[in-house]
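Next comes start.pdb, a file with PDB, C-alpha atoms.
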ATOM      1  CA  MET M1017      18.478  52.726 -43.041  1.00  0.00           C
ATOM      2  CA  LYS M1018      21.767  54.060 -44.389  1.00  0.00           C
ATOM      3  CA  ASP M1019      20.147  54.774 -47.749  1.00  0.00           C
ATOM      4  CA  LEU M1020      17.235  56.429 -45.996  1.00  0.00           C
ATOM      5  CA  LEU M1021      19.484  58.747 -44.012  1.00  0.00           C
ATOM      6  CA  ALA M1022      21.592  59.496 -47.073  1.00  0.00           C
ATOM      7  CA  ALA M1023      18.492  60.782 -48.863  1.00  0.00           C
ATOM      8  CA  LEU M1024      17.815  63.371 -46.160  1.00  0.00           C
ATOM      9  CA  PRO M1025      19.264  66.845 -46.621  1.00  0.00           C
ATOM     10  CA  PHE M1026      22.348  67.748 -44.611  1.00  0.00           C
ATOM     11  CA  VAL M1027      21.456  70.365 -42.016  1.00  0.00           C
ATOM     12  CA  PRO M1028      24.540  71.353 -40.011  1.00  0.00           C
ATOM     13  CA  ALA M1029      22.524  73.286 -37.420  1.00  0.00           C
ATOM     14  CA  ALA M1030      20.563  70.159 -36.576  1.00  0.00           C
ATOM     15  CA  ILE M1031      23.650  68.225 -35.523  1.00  0.00           C
ATOM     16  CA  GLY M1032      26.082  70.968 -34.556  1.00  0.00           C
ATOM     17  CA  GLU M1033      25.267  70.932 -30.844  1.00  0.00           C
ATOM     18  CA  TRP M1034      25.352  67.146 -30.720  1.00  0.00           C
ATOM     19  CA  LEU M1035      28.731  67.012 -32.429  1.00  0.00           C
ATOM     20  CA  THR M1036      30.321  69.344 -29.924  1.00  0.00           C
ATOM     21  CA  ALA M1037      28.463  67.915 -26.925  1.00  0.00           C
ATOM     22  CA  TRP M1038      29.823  64.394 -27.278  1.00  0.00           C
ATOM     23  CA  ASN M1039      33.337  65.760 -27.548  1.00  0.00           C
ATOM     24  CA  TYR M1040      33.429  68.526 -24.942  1.00  0.00           C
ATOM     25  CA  ASP M1041      30.603  68.025 -22.465  1.00  0.00           C
ATOM     26  CA  PRO M1042      31.210  65.975 -19.319  1.00  0.00           C
ATOM     27  CA  VAL M1043      30.154  62.325 -19.336  1.00  0.00           C
ATOM     28  CA  VAL M1044      26.575  61.886 -18.226  1.00  0.00           C
ATOM     29  CA  ASP M1045      25.873  58.879 -16.024  1.00  0.00           C
ATOM     30  CA  SER M1046      22.116  59.109 -16.428  1.00  0.00           C
ATOM     31  CA  THR M1047      19.845  59.608 -19.400  1.00  0.00           C
ATOM     32  CA  THR M1048      17.000  60.914 -17.253  1.00  0.00           C
ATOM     33  CA  HIS M1049      15.302  63.823 -18.956  1.00  0.00           C
ATOM     34  CA  PRO M1050      12.718  65.723 -16.892  1.00  0.00           C
ATOM     35  CA  GLY M1051      11.269  67.421 -19.970  1.00  0.00           C
ATOM     36  CA  LEU M1052       8.012  69.277 -20.216  1.00  0.00           C
ATOM     37  CA  GLY M1053       6.630  67.078 -22.998  1.00  0.00           C
ATOM     38  CA  PRO M1054       4.827  63.740 -22.835  1.00  0.00           C
ATOM     39  CA  ARG M1055       5.919  60.809 -20.697  1.00  0.00           C
ATOM     40  CA  VAL M1056       8.016  58.489 -22.857  1.00  0.00           C
ATOM     41  CA  GLY M1057       8.000  54.765 -22.190  1.00  0.00           C
ATOM     42  CA  ALA M1058       9.030  51.422 -23.610  1.00  0.00           C
ATOM     43  CA  ALA M1059       5.938  51.307 -25.843  1.00  0.00           C
ATOM     44  CA  ASP M1060       7.030  54.575 -27.514  1.00  0.00           C
ATOM     45  CA  VAL M1061      10.525  53.196 -28.105  1.00  0.00           C
ATOM     46  CA  ALA M1062       9.082  49.980 -29.564  1.00  0.00           C
ATOM     47  CA  ARG M1063       6.731  51.959 -31.829  1.00  0.00           C
ATOM     48  CA  ILE M1064       9.651  54.015 -33.187  1.00  0.00           C
ATOM     49  CA  GLY M1065      11.595  50.804 -33.844  1.00  0.00           C
ATOM     50  CA  GLN M1066       8.639  49.351 -35.753  1.00  0.00           C
ATOM     51  CA  ALA M1067       8.273  52.552 -37.772  1.00  0.00           C
ATOM     52  CA  LYS M1068      11.999  52.446 -38.578  1.00  0.00           C
ATOM     53  CA  GLN M1069      11.608  48.919 -39.947  1.00  0.00           C
ATOM     54  CA  ALA M1070       8.526  49.916 -41.962  1.00  0.00           C
ATOM     55  CA  PHE M1071      10.239  52.966 -43.480  1.00  0.00           C
ATOM     56  CA  ALA M1072      13.305  50.854 -44.341  1.00  0.00           C
ATOM     57  CA  ARG M1073      11.092  48.248 -46.011  1.00  0.00           C
ATOM     58  CA  ILE M1074       9.286  50.925 -48.062  1.00  0.00           C
ATOM     59  CA  ASP M1075      12.641  52.466 -48.975  1.00  0.00           C
ATOM     60  CA  ARG M1076      13.962  49.131 -50.240  1.00  0.00           C
ATOM     61  CA  GLU M1077      10.806  48.388 -52.227  1.00  0.00           C
ATOM     62  CA  PHE M1078       9.979  51.789 -53.686  1.00  0.00           C
ATOM     63  CA  GLY M1079      12.985  54.052 -53.217  1.00  0.00           C
ATOM     64  CA  ALA M1080      13.714  56.962 -50.911  1.00  0.00           C
ATOM     65  CA  GLY M1081      11.904  59.523 -53.066  1.00  0.00           C
ATOM     66  CA  LEU M1082       8.581  58.040 -52.060  1.00  0.00           C
ATOM     67  CA  VAL M1083       9.272  57.502 -48.372  1.00  0.00           C
ATOM     68  CA  ARG M1084      11.198  60.677 -47.533  1.00  0.00           C
ATOM     69  CA  PRO M1085       8.212  63.057 -47.164  1.00  0.00           C
ATOM     70  CA  ALA M1086       6.390  60.565 -44.946  1.00  0.00           C
ATOM     71  CA  LEU M1087       9.512  59.969 -42.866  1.00  0.00           C
ATOM     72  CA  VAL M1088      10.129  63.691 -42.337  1.00  0.00           C
ATOM     73  CA  LYS M1089       6.499  64.194 -41.316  1.00  0.00           C
ATOM     74  CA  TYR M1090       6.717  61.248 -38.894  1.00  0.00           C
ATOM     75  CA  LEU M1091       9.980  62.450 -37.337  1.00  0.00           C
ATOM     76  CA  ASN M1092       8.731  66.018 -36.913  1.00  0.00           C
ATOM     77  CA  GLY M1093       5.230  65.114 -35.736  1.00  0.00           C
ATOM     78  CA  SER M1094       5.751  61.972 -33.671  1.00  0.00           C
ATOM     79  CA  VAL M1095       9.390  61.583 -32.666  1.00  0.00           C
ATOM     80  CA  ALA M1096      10.546  65.164 -32.040  1.00  0.00           C
ATOM     81  CA  PRO M1097       7.908  65.805 -29.326  1.00  0.00           C
ATOM     82  CA  LEU M1098       9.112  62.692 -27.494  1.00  0.00           C
ATOM     83  CA  LEU M1099      12.650  64.084 -27.401  1.00  0.00           C
ATOM     84  CA  ARG M1100      11.286  66.959 -25.321  1.00  0.00           C
ATOM     85  CA  GLY M1101       9.384  64.510 -23.130  1.00  0.00           C
ATOM     86  CA  ARG M1102      10.047  62.918 -19.749  1.00  0.00           C
ATOM     87  CA  TYR M1103      12.061  59.717 -19.630  1.00  0.00           C
ATOM     88  CA  ASP M1104      14.643  57.960 -17.497  1.00  0.00           C
ATOM     89  CA  ASP M1105      17.340  55.297 -17.732  1.00  0.00           C
ATOM     90  CA  ARG M1106      14.743  52.525 -18.049  1.00  0.00           C
ATOM     91  CA  THR M1107      13.510  54.022 -21.342  1.00  0.00           C
ATOM     92  CA  VAL M1108      16.210  52.839 -23.697  1.00  0.00           C
ATOM     93  CA  PRO M1109      16.167  51.719 -27.305  1.00  0.00           C
ATOM     94  CA  PRO M1110      16.536  47.999 -27.940  1.00  0.00           C
ATOM     95  CA  SER M1111      20.084  46.908 -28.790  1.00  0.00           C
TER      96      SER M1111
END
Represent the supplied structure as structure tokens.
Amino acid sequence: MKDLLAALPFVPAAIGEWLTAWNYDPVVDSTTHPGLGPRVGAADVARIGQAKQAFARIDREFGAGLVRPALVKYLNGSVAPLLRGRYDDRTVPPS
């Protein structure tokens, strides 16, 4: 996964808010997000984990040049809408 992330372009605007939020925003006790997007559940989290493993496997076998366009399309089309979705503390990634 490290190699996969290293192949992505650095976009400061994409992480700027996150970088300052973890440092200056108050601690949040809950991860509940009453977004306007789709309802996000454990099946969505599991599907993203499976996709992560598949992309990592393709990266190891064929190199990041092949997998990067597919990964970007997947993140923009499938994962980003879920970030705007509705989820609560029970919807957590596996450890």
Residues matched by the PyMOL selection byres ((chain M and resi 1057) around 12), written as a ChimeraX atom specification: /M:1048,1054-1056,1058-1064,1098-1099,1101-1109
Atomic separation - CA of His1049 (chain M) relative to CA of Val1095 (chain M), Å: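 Here the two named atoms are 15.1 Å from each other.
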Gap from CA of Ala1067 (chain M) to CA of Val1083 (chain M) - Å, one decimal: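 Those two atoms sit 11.7 Å apart.
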Pick from M:Ala1086, M:Lys1068, M:Arg1100, M:Phe1078 nearest to Gly1051 (chain M), counting only C-alpha atoms: M:Arg1100
